[in-house]
Amino acid sequence: MPGSSNTNRQGWPQDVGIIAMEVYFPSQYVEQSQLEAFDGVSAGKYTIGLGQSKMGFCSDREDINSLCLTVTQKLMERNKLSYNEIGRLEVGTETLIDKSKSTKTVIMQLFKESGNSDLEGVDNTNACYGGTAALLNSINWVESSAWDGRYALVVCGDIAIYASGNARCTGGAGAVAMLIGSNAPLVFDRGVRSSHMEHAYDFYKPDMSSEYPVVDGKLSIQCYLHALDKCFERFTTKAMAAGLRPNNSTLDMGDAFCFHAPYGKLVQKSFARILLNDFLRDGNPDFKGRYAGLEAFKDINLEDTYFDKSVETATMQASKDLFEKKTRPSLLISNQVGNMYTPSVYAGLASYISSQSSSSIAGKRAILFSYGSGLSATMFSMRFSDNKTSGGALDNLVKSLSDLKDRLNARQCLAPVDFDSIMKLREQTHHLAPYTPVGSINVLAPDTWYVTEIDNMHRRKYECKSGSSVAAGDSTGVKQTSSQTGGRVNVATQS
């Protein structure tokens, strides 16, 4: 067990936050440099212009349910957790394969052998923000009178796919699971998280027969940066009141900054915008130090700068060194996998942790910005425990993510023409029933759940590559085979 929940009901739980994390991404990817040539665009458009190197993708063998089954099981097994230790399970996703049945109910079948069905929470859907909604709900649950001393489990997962054209390169896929409880090695700061909610049609999915979104690219960037400004303003005000913001700088408050990452270059621009916001709040800016080169912008209006190249260039240059130190390490998975939607900002947090040792990360603070189109956004912060003890909760968290680079390097690279064929297959078979997937199982990593069949009632059957089998569901629900292999429950579900 990575940590223990405080079941003393005489007082509120202390140090509530993230105890353990698990990341899953597809076993196949396409090189963005090769995709540039295949798409007939200028060399560097995806790699330099967007800051992306590789893009992970799923064949027809994987769906949102299989991704979440995989990451949940991996977190439970890696941390030697009993399914009875979970009291809340909540999912964040925008990858919908059913307008009624939640992915959370599918994951519940992993709990059946334990007999534990007493878990609150269902799915949260609002573009890329659903995972954050699930996380904040779970934090609130642990800190509330409803908490029963058990852990909460947050699962974020998505498959990001775009129609062929200039947006397809910004896809990706993956899932992140987070164990929430008290006495955590990564503790949420109280009283500072700040949100911005607004109505906008920057990115949405009105066509239920398609995986593809409708995107207004320019508006989406504007909405993202506007939400960042608003969240920064409110977060900074609260951080000052709480005594957490030193030296008149929010940049100095955080040792790490993790952003929702549609693509790497937008994250770099967003970090520069934090510096710009700090600069405009500073009553006595040092033009010979951090703010050198920004003299001409001291009286600008933030809302006039979303697409101002002179401001963008100057602030990116001024923040370059800080970006390399505080945010670049968080872009490992984003750069190698692409946009994971709801797990994106948490894959960034995992990437940052994987670049550290428990001794180097102890006592540091991470500031996160989560954005979901439509739009919803929140900025919040977390503090790493000071406990550097080998084998302690912080050490276990860091070590559990230390294999990310090796796992990324173990994936299989496919040529763009093969990637394109798989995308066409997904398009042609989306929500098709009955349907038997044809994608290769051999390329899947061990312990990966995958789809074996979709019957004529849209009920989906799954197996785990390690050998678990799945029984078919009937019209009244789902059945479970009597066997269990290696602690892996055999499941079937309805889509």
# chains A, B, ... in the order shown; residues from 1 in each chain; ligands from 1

$ select_by_dssp --residues "range 119-184 of chain A" --states "alpha helix (DSSP H)" --output "list in words"
Gly130, Gly131, Thr132, Ala133, Ala134, Leu135, Leu136, Asn137, Ser138, Ile139, Asn140, Trp141 and Val142 of chain A

$ write_last_selection --atoms "C-alpha atoms" --output "tab-separated table (two decimals), in the first residue's frame"
chain	number	residue	atom	x	y	z
A	130	GLY	CA	-13.54	16.30	-17.27
A	131	GLY	CA	-10.51	14.79	-15.54
A	132	THR	CA	-10.03	17.89	-13.43
A	133	ALA	CA	-13.72	17.89	-12.48
A	134	ALA	CA	-13.35	14.26	-11.37
A	135	LEU	CA	-10.19	15.10	-9.41
A	136	LEU	CA	-11.68	18.11	-7.62
A	137	ASN	CA	-14.82	16.13	-6.78
A	138	SER	CA	-12.65	13.40	-5.29
A	139	ILE	CA	-10.55	15.83	-3.26
A	140	ASN	CA	-13.78	17.39	-1.99
A	141	TRP	CA	-15.12	13.94	-1.04
A	142	VAL	CA	-12.06	13.05	1.03

$ residues_around --residues "range 361-368 of chain A" --least-positions-apart "5" --cutoff "7 Å" --atoms "only C-alpha atoms" --output "PyMOL selection string"
chain A and resi 254-259+356+379-388

$ closest_residue --among "A:Leu408, A:Ala261, A:Ala415, A:Leu331" --to "Tyr371 in chain A" --atoms "only C-alpha atoms"
A:Ala261

$ residues_around --residues "range 242-244 of chain A" --least-positions-apart "6" --cutoff "9 Å" --atoms "only C-alpha atoms" --output "list in words"
Arg190, Gly191, Val192, Thr250 and Met253 of chain A

$ write_last_selection --atoms "C-alpha atoms" --output "mmCIF file, in the first residue's frame"
data_model
loop_
_atom_site.group_PDB
_atom_site.id
_atom_site.type_symbol
_atom_site.label_atom_id
_atom_site.label_comp_id
_atom_site.auth_asym_id
_atom_site.auth_seq_id
_atom_site.Cartn_x
_atom_site.Cartn_y
_atom_site.Cartn_z
ATOM 1 C CA ARG A 190 -6.218 24.776 0.164
ATOM 2 C CA GLY A 191 -8.002 28.027 -0.579
ATOM 3 C CA VAL A 192 -6.147 29.023 -3.758
ATOM 4 C CA THR A 250 3.567 33.828 -9.159
ATOM 5 C CA MET A 253 5.722 30.539 -6.224
#

$ closest_atom_pairs --of "range 90-157 of chain A" --to "range 209-222 of chain A" --cutoff "10 Å" --atoms "only C-alpha atoms" --output "CSV"
residue,atom,partner,partner_atom,distance
A:Thr95,CA,A:Glu211,CA,7.9
A:Leu96,CA,A:Glu211,CA,8.7
A:Ile97,CA,A:Glu211,CA,9.3

$ write_last_selection --atoms "C-alpha atoms" --output "PDB file, in the first residue's frame"
ATOM      1  CA  THR A  95     -14.605  10.081 -25.670  1.00  0.00           C
ATOM      2  CA  LEU A  96     -18.227   8.947 -25.587  1.00  0.00           C
ATOM      3  CA  ILE A  97     -19.313   5.584 -26.949  1.00  0.00           C
TER       4      ILE A  97
END

$ closest_atom_pairs --of "range 318-352 of chain A" --to "range 21-27 of chain A" --cutoff "9 Å" --atoms "only C-alpha atoms" --output "Markdown table"
| residue | atom | partner | partner_atom | distance |
| --- | --- | --- | --- | --- |
| A:Ile333 | CA | A:Phe25 | CA | 8.9 |
| A:Val337 | CA | A:Phe25 | CA | 7.3 |
| A:Met340 | CA | A:Phe25 | CA | 8.7 |
| A:Pro343 | CA | A:Val23 | CA | 8.8 |
| A:Tyr346 | CA | A:Val23 | CA | 8.9 |
| A:Ala347 | CA | A:Val23 | CA | 7.0 |
| A:Ala350 | CA | A:Met21 | CA | 7.4 |

$ residues_around --residues "range 281-296 of chain A" --least-positions-apart "4" --cutoff "10 Å" --atoms "only C-alpha atoms" --output "number ranges by chain"
A: 233, 236, 247-249, 275-277, 300, 310-311, 314-315, 317-319, 322

$ atom_distance --atom1 "CA of Phe203 in chain A" --atom2 "CA of Tyr224 in chain A"
11.0 Å

$ closest_residue --among "A:Asn84, A:Thr70, A:Lys461, A:Asn396" --to "Lys112 in chain A" --atoms "only C-alpha atoms"
A:Asn84

$ atom_distance --atom1 "CA of Phe307 in chain A" --atom2 "CA of Ala272 in chain A"
13.3 Å

$ atom_distance --atom1 "CA of Cys413 in chain A" --atom2 "CA of Leu444 in chain A"
12.6 Å

$ select_by_dssp --residues "range 216-313 of chain A" --states "strand (DSSP E)" --output "PDB file with N, CA, C and O atoms, in the first residue's frame"
ATOM      1  N   ALA A 256       7.356  24.051 -10.476  1.00  0.00           N
ATOM      2  CA  ALA A 256       6.950  23.408 -11.725  1.00  0.00           C
ATOM      3  C   ALA A 256       5.617  23.992 -12.167  1.00  0.00           C
ATOM      4  O   ALA A 256       4.755  24.281 -11.336  1.00  0.00           O
ATOM      5  N   PHE A 257       5.451  24.182 -13.474  1.00  0.00           N
ATOM      6  CA  PHE A 257       4.201  24.642 -14.055  1.00  0.00           C
ATOM      7  C   PHE A 257       3.775  23.641 -15.124  1.00  0.00           C
ATOM      8  O   PHE A 257       4.511  23.403 -16.084  1.00  0.00           O
ATOM      9  N   CYS A 258       2.605  23.057 -14.933  1.00  0.00           N
ATOM     10  CA  CYS A 258       2.073  22.075 -15.871  1.00  0.00           C
ATOM     11  C   CYS A 258       0.783  22.622 -16.473  1.00  0.00           C
ATOM     12  O   CYS A 258      -0.103  23.074 -15.751  1.00  0.00           O
ATOM     13  N   PHE A 259       0.675  22.543 -17.784  1.00  0.00           N
ATOM     14  CA  PHE A 259      -0.471  23.089 -18.495  1.00  0.00           C
ATOM     15  C   PHE A 259      -1.180  21.988 -19.282  1.00  0.00           C
ATOM     16  O   PHE A 259      -0.544  21.012 -19.719  1.00  0.00           O
TER      17      PHE A 259
END
